[in-house]
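Shown next: protein.pdb, containing PDB, C-alpha atoms.
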```
ATOM      1  CA  MET D 443     114.995  70.466 103.044
ATOM      2  CA  GLU D 444     115.218  73.838 101.246
ATOM      3  CA  ILE D 445     112.148  73.085  99.152
ATOM      4  CA  THR D 446     110.150  72.332 102.293
ATOM      5  CA  ILE D 447     111.121  75.706 103.728
ATOM      6  CA  LEU D 448     110.293  77.420 100.437
ATOM      7  CA  ASN D 449     106.885  75.719 100.325
ATOM      8  CA  HIS D 450     106.222  76.795 103.895
ATOM      9  CA  TYR D 451     106.838  80.449 103.037
ATOM     10  CA  MET D 452     104.939  80.223  99.765
ATOM     11  CA  GLU D 453     101.913  78.893 101.668
ATOM     12  CA  LYS D 454     102.140  81.857 104.052
ATOM     13  CA  PHE D 455     102.357  84.241 101.121
ATOM     14  CA  TYR D 456      99.362  82.584  99.455
ATOM     15  CA  TYR D 457      97.159  82.732 102.562
ATOM     16  CA  THR D 458      98.164  86.317 103.301
ATOM     17  CA  PHE D 459      97.402  87.335  99.720
ATOM     18  CA  LYS D 460      94.053  85.523  99.874
ATOM     19  CA  PHE D 461      93.234  87.280 103.172
ATOM     20  CA  TYR D 462      93.970  90.722 101.719
ATOM     21  CA  LEU D 463      91.921  90.081  98.586
ATOM     22  CA  GLY D 464      88.964  88.651 100.489
ATOM     23  CA  ASN D 465      88.771  91.290 103.204
ATOM     24  CA  THR D 466      88.251  94.961 102.346
ATOM     25  CA  ASN D 467      89.367  96.138 105.781
ATOM     26  CA  ALA D 468      92.460  93.927 105.912
ATOM     27  CA  PHE D 469      94.891  96.827 105.801
ATOM     28  CA  LEU D 470      93.145  98.576 108.691
ATOM     29  CA  LEU D 471      93.075  95.322 110.662
ATOM     30  CA  THR D 472      96.801  94.669 110.257
ATOM     31  CA  LEU D 473      98.027  98.271 110.598
ATOM     32  CA  PRO D 474      98.264  98.187 114.418
ATOM     33  CA  ALA D 475     100.258  94.954 114.198
ATOM     34  CA  VAL D 476     103.026  96.615 112.190
ATOM     35  CA  THR D 477     104.766  99.104 114.433
ATOM     36  CA  LEU D 478     107.687 101.346 113.653
ATOM     37  CA  VAL D 479     109.492 100.112 116.746
ATOM     38  CA  ALA D 480     109.939  96.668 115.229
ATOM     39  CA  LEU D 481     111.628  98.065 112.113
ATOM     40  CA  SER D 482     115.377  98.464 111.761
ATOM     41  CA  THR D 483     116.926 101.876 111.193
ATOM     42  CA  THR D 484     117.372 101.151 107.494
ATOM     43  CA  GLN D 485     113.744 100.040 107.161
ATOM     44  CA  LYS D 486     112.552 103.195 108.925
ATOM     45  CA  ALA D 487     114.721 105.278 106.574
ATOM     46  CA  ALA D 488     113.268 103.474 103.547
ATOM     47  CA  LEU D 489     109.732 104.048 104.834
ATOM     48  CA  PHE D 490     110.538 107.722 105.386
ATOM     49  CA  LEU D 491     111.871 107.918 101.819
ATOM     50  CA  VAL D 492     108.619 106.450 100.491
ATOM     51  CA  VAL D 493     106.620 109.028 102.470
ATOM     52  CA  LEU D 494     108.828 111.876 101.182
ATOM     53  CA  PHE D 495     108.498 110.534  97.633
ATOM     54  CA  ALA D 496     104.691 110.535  97.952
ATOM     55  CA  ILE D 497     104.684 114.069  99.409
ATOM     56  CA  ASP D 498     106.972 115.213  96.577
ATOM     57  CA  PHE D 499     104.606 113.685  94.028
ATOM     58  CA  VAL D 500     101.558 115.385  95.593
ATOM     59  CA  THR D 501     103.266 118.770  95.928
ATOM     60  CA  GLY D 502     104.484 118.428  92.334
ATOM     61  CA  LEU D 503     100.890 117.880  91.228
ATOM     62  CA  GLY D 504      99.856 120.899  93.305
ATOM     63  CA  ALA D 505     102.551 123.041  91.716
ATOM     64  CA  SER D 506     101.482 121.917  88.241
ATOM     65  CA  TRP D 507      97.879 122.730  89.079
ATOM     66  CA  MET D 508      98.839 126.225  90.311
ATOM     67  CA  GLU D 509     100.837 126.861  87.130
ATOM     68  CA  PHE D 510      97.992 125.471  85.020
ATOM     69  CA  LYS D 511      95.507 127.846  86.685
ATOM     70  CA  LYS D 512      97.779 130.870  86.107
ATOM     71  CA  GLU D 513      98.213 130.091  82.416
ATOM     72  CA  LYS D 514      96.185 132.179  80.013
ATOM     73  CA  PRO D 515      93.909 130.328  77.599
ATOM     74  CA  LEU D 516      95.781 129.237  74.538
ATOM     75  CA  MET D 517      94.851 130.197  71.017
ATOM     76  CA  PRO D 518      92.459 127.720  69.386
ATOM     77  CA  SER D 519      95.035 126.812  66.772
ATOM     78  CA  SER D 520      97.768 126.013  69.292
ATOM     79  CA  GLU D 521      98.362 122.727  71.014
ATOM     80  CA  LYS D 522      96.237 121.932  74.060
ATOM     81  CA  ARG D 523      98.125 121.648  77.353
ATOM     82  CA  TYR D 524      97.093 119.150  80.020
ATOM     83  CA  LEU D 525      97.457 119.380  83.780
ATOM     84  CA  ILE D 526      98.959 115.904  84.103
ATOM     85  CA  GLU D 527     101.321 114.915  81.345
ATOM     86  CA  THR D 528     102.614 111.436  80.621
ATOM     87  CA  SER D 529     106.207 112.630  80.379
ATOM     88  CA  LYS D 530     106.089 113.993  83.938
ATOM     89  CA  LEU D 531     104.539 110.769  85.251
ATOM     90  CA  ARG D 532     107.185 108.787  83.397
ATOM     91  CA  GLN D 533     109.909 110.886  85.070
ATOM     92  CA  SER D 534     108.387 110.165  88.477
ATOM     93  CA  ILE D 535     108.346 106.438  87.768
ATOM     94  CA  VAL D 536     111.955 106.532  86.572
ATOM     95  CA  LYS D 537     112.935 108.460  89.705
ATOM     96  CA  GLY D 538     111.171 105.925  91.936
ATOM     97  CA  VAL D 539     112.878 103.005  90.172
ATOM     98  CA  PHE D 540     116.244 104.774  90.430
ATOM     99  CA  TYR D 541     115.749 105.333  94.172
ATOM    100  CA  GLY D 542     114.890 101.672  94.673
ATOM    101  CA  LEU D 543     117.883 100.520  92.652
ATOM    102  CA  TRP D 544     120.169 102.947  94.516
ATOM    103  CA  ALA D 545     119.072 101.513  97.869
ATOM    104  CA  LEU D 546     119.366  97.913  96.615
ATOM    105  CA  LEU D 547     122.795  98.573  95.120
ATOM    106  CA  SER D 548     124.094 100.086  98.344
ATOM    107  CA  TRP D 549     122.656  97.123 100.268
ATOM    108  CA  ALA D 550     124.312  94.699  97.815
ATOM    109  CA  ILE D 551     127.685  96.445  98.125
ATOM    110  CA  GLU D 552     127.310  96.342 101.889
ATOM    111  CA  ASN D 553     126.646  92.587 101.842
ATOM    112  CA  ILE D 554     129.113  91.598  99.120
ATOM    113  CA  PHE D 555     132.033  93.377 100.750
ATOM    114  CA  VAL D 556     130.817  92.536 104.278
ATOM    115  CA  ILE D 557     130.820  96.163 105.347
ATOM    116  CA  LYS D 558     130.026  96.472 109.022
ATOM    117  CA  GLU D 559     127.871  99.113 110.573
ATOM    118  CA  ILE D 560     129.600 102.474 110.547
ATOM    119  CA  PRO D 561     130.015 104.091 113.981
ATOM    120  CA  SER D 562     128.061 107.309 113.730
ATOM    121  CA  GLY D 563     129.716 109.144 116.610
ATOM    122  CA  HIS D 564     127.669 112.183 117.458
ATOM    123  CA  ILE D 565     125.129 111.834 114.649
ATOM    124  CA  SER D 566     123.063 108.977 116.064
ATOM    125  CA  THR D 567     122.870 106.668 119.043
ATOM    126  CA  GLU D 568     122.890 103.692 116.669
ATOM    127  CA  ASN D 569     125.565 102.538 114.286
ATOM    128  CA  LEU D 570     124.369 103.219 110.759
ATOM    129  CA  THR D 571     124.932 101.184 107.612
ATOM    130  CA  LEU D 572     126.003 102.207 104.131
ATOM    131  CA  THR D 573     122.432 101.612 102.979
ATOM    132  CA  THR D 574     121.084 103.968 105.653
ATOM    133  CA  TYR D 575     123.466 106.696 104.516
ATOM    134  CA  ALA D 576     122.467 106.138 100.875
ATOM    135  CA  ILE D 577     118.768 106.377 101.763
ATOM    136  CA  ALA D 578     119.486 109.490 103.848
ATOM    137  CA  LEU D 579     121.025 111.114 100.756
ATOM    138  CA  LEU D 580     117.894 110.273  98.750
ATOM    139  CA  CYS D 581     115.704 111.677 101.545
ATOM    140  CA  ALA D 582     117.720 114.922 101.421
ATOM    141  CA  ILE D 583     117.120 115.138  97.656
ATOM    142  CA  GLU D 584     113.374 114.634  98.160
ATOM    143  CA  PHE D 585     113.301 117.175 101.004
ATOM    144  CA  TYR D 586     114.980 119.742  98.729
ATOM    145  CA  SER D 587     112.545 118.949  95.924
ATOM    146  CA  ILE D 588     109.527 119.431  98.189
ATOM    147  CA  PHE D 589     110.525 122.590 100.025
ATOM    148  CA  PHE D 590     112.716 124.444  97.548
ATOM    149  CA  GLU D 591     111.242 123.467  94.185
ATOM    150  CA  ASN D 592     107.589 122.427  94.446
ATOM    151  CA  LEU D 593     106.532 124.848  97.185
ATOM    152  CA  LYS D 594     108.379 127.654  95.386
ATOM    153  CA  ARG D 595     106.431 126.855  92.212
ATOM    154  CA  MET D 596     103.260 127.001  94.314
ATOM    155  CA  GLY D 597     104.136 130.534  95.464
ATOM    156  CA  PHE D 598     105.653 129.766  98.861
ATOM    157  CA  ASP D 599     109.350 130.678  98.578
ATOM    158  CA  ILE D 600     110.989 129.570 101.821
ATOM    159  CA  ILE D 601     114.363 131.176 101.066
ATOM    160  CA  GLN D 602     112.771 134.596 100.516
ATOM    161  CA  ILE D 603     110.747 134.224 103.718
ATOM    162  CA  VAL D 604     113.886 133.342 105.710
ATOM    163  CA  LYS D 605     115.758 136.274 104.131
ATOM    164  CA  LYS D 606     112.916 138.639 105.024
ATOM    165  CA  ILE D 607     112.744 137.364 108.617
ATOM    166  CA  SER D 608     116.518 137.583 109.066
ATOM    167  CA  SER D 609     116.594 141.063 107.501
ATOM    168  CA  ASN D 610     113.859 142.243 109.868
ATOM    169  CA  GLY D 611     115.678 140.631 112.786
ATOM    170  CA  TRP D 612     118.966 142.254 111.789
ATOM    171  CA  GLY D 613     117.249 145.642 111.485
ATOM    172  CA  LEU D 614     115.704 145.190 114.922
ATOM    173  CA  TYR D 615     119.099 144.208 116.343
ATOM    174  CA  LYS D 616     120.730 147.337 114.874
ATOM    175  CA  THR D 617     117.928 149.530 116.198
ATOM    176  CA  ILE D 618     118.260 148.088 119.702
ATOM    177  CA  LYS D 619     122.051 148.332 119.597
ATOM    178  CA  ASN D 620     121.942 151.990 118.452
ATOM    179  CA  GLN D 621     119.459 152.819 121.222
ATOM    180  CA  ASP D 622     121.798 151.183 123.737
ATOM    181  CA  ASN D 623     124.760 153.205 122.392
ATOM    182  CA  GLU D 624     122.769 156.461 122.663
ATOM    183  CA  THR D 625     121.901 155.822 126.317
ATOM    184  CA  ASP D 626     125.560 155.139 127.264
TER     185      ASP D 626
END
```

Encoding of this model in structure tokens:
Amino acid sequence: MEITILNHYMEKFYYTFKFYLGNTNAFLLTLPAVTLVALSTTQKAALFLVVLFAIDFVTGLGASWMEFKKEKPLMPSSEKRYLIETSKLRQSIVKGVFYGLWALLSWAIENIFVIKEIPSGHISTENLTLTTYAIALLCAIEFYSIFFENLKRMGFDIIQIVKKISSNGWGLYKTIKNQDNETD
């Protein structure tokens, strides 16, 4: 019985794989069929993590390119520096594998110990799982990496911009308050 079911799914996998290899527009044809509404909260979180990981990778490449452009030409006798280095790519691969293992480990712990969904209270309208919280932590790490590391290396320091805006706002507030005190 189990082998029949396994064969059934293996046939589906085979025909799907054959369809994707034989049709160049297969992804574009099937994209409307896969909607975000049909995904669970954990699957949406995992998809969001993949998107953040890709954005982090691209912004990291952009930051490396900006630093590479700013670098002065090296002496002919010194070692040549490359824009994309294997060690950095290796670190990205290790990070991606770690993220996948982290999510799988949290899912395994959730299933082994039969952990129910955790009532989220005021955070969400849905009850969230341990895996969703683990993926949310990874998303926060990627968000920090994008906005506070890579963009800063590219010359766009968000913290300094927020400090400048708040300083200007505070100065404006003091000016308005002093003008109000003078009119009283």

*Quick one: residues within 9 Å of stretch 527-544 of chain D, all atoms listed in the file counted, chain neighbours fewer than 4 positions away excluded, as a list in words?*
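The contact residues come out as Leu491, Val492, Phe495, Phe499, Arg523, Ser548, Trp549, Thr573, Ala576, Ile577 and Leu580 of chain D.
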
*Go through D:Leu572, D:Leu481, D:Met452, D:Ala496 and flag the residue nearest D:Phe585, using all atoms listed in the file for the distances.*
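Selected residue with least distance to D:Phe585: D:Ala496.
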
*Distance in Å - atom CA of D:Gly502 versus atom CA of D:Ala578*: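 Interatomic distance, atom CA of D:Gly502 to atom CA of D:Ala578: 20.9 Å.
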
_Best match for closeness to D:Ile588 among D:Ile554, D:Ile600, D:Ile526, D:Leu614, counting all atoms listed in the file_ = D:Ile600

*Enter the distance from atom CA of D:Ile607 to atom CA of D:Ile565, in Å, rounded to one decimal.*
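Atom CA of D:Ile565 lies at a distance of 29.0 Å from atom CA of D:Ile607.
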
_Would you compute the distance between atom CA of D:Met596 and atom CA of D:Glu509? Give it in Å to one decimal._
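Between these atoms lies a distance of 7.6 Å.
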
*Using all atoms listed in the file, which of the listed residues (D:Asn610, D:Thr484, D:Glu513, D:Thr501) sits closest to D:Thr571?*
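Closest to D:Thr571 of all the choices is D:Thr484.
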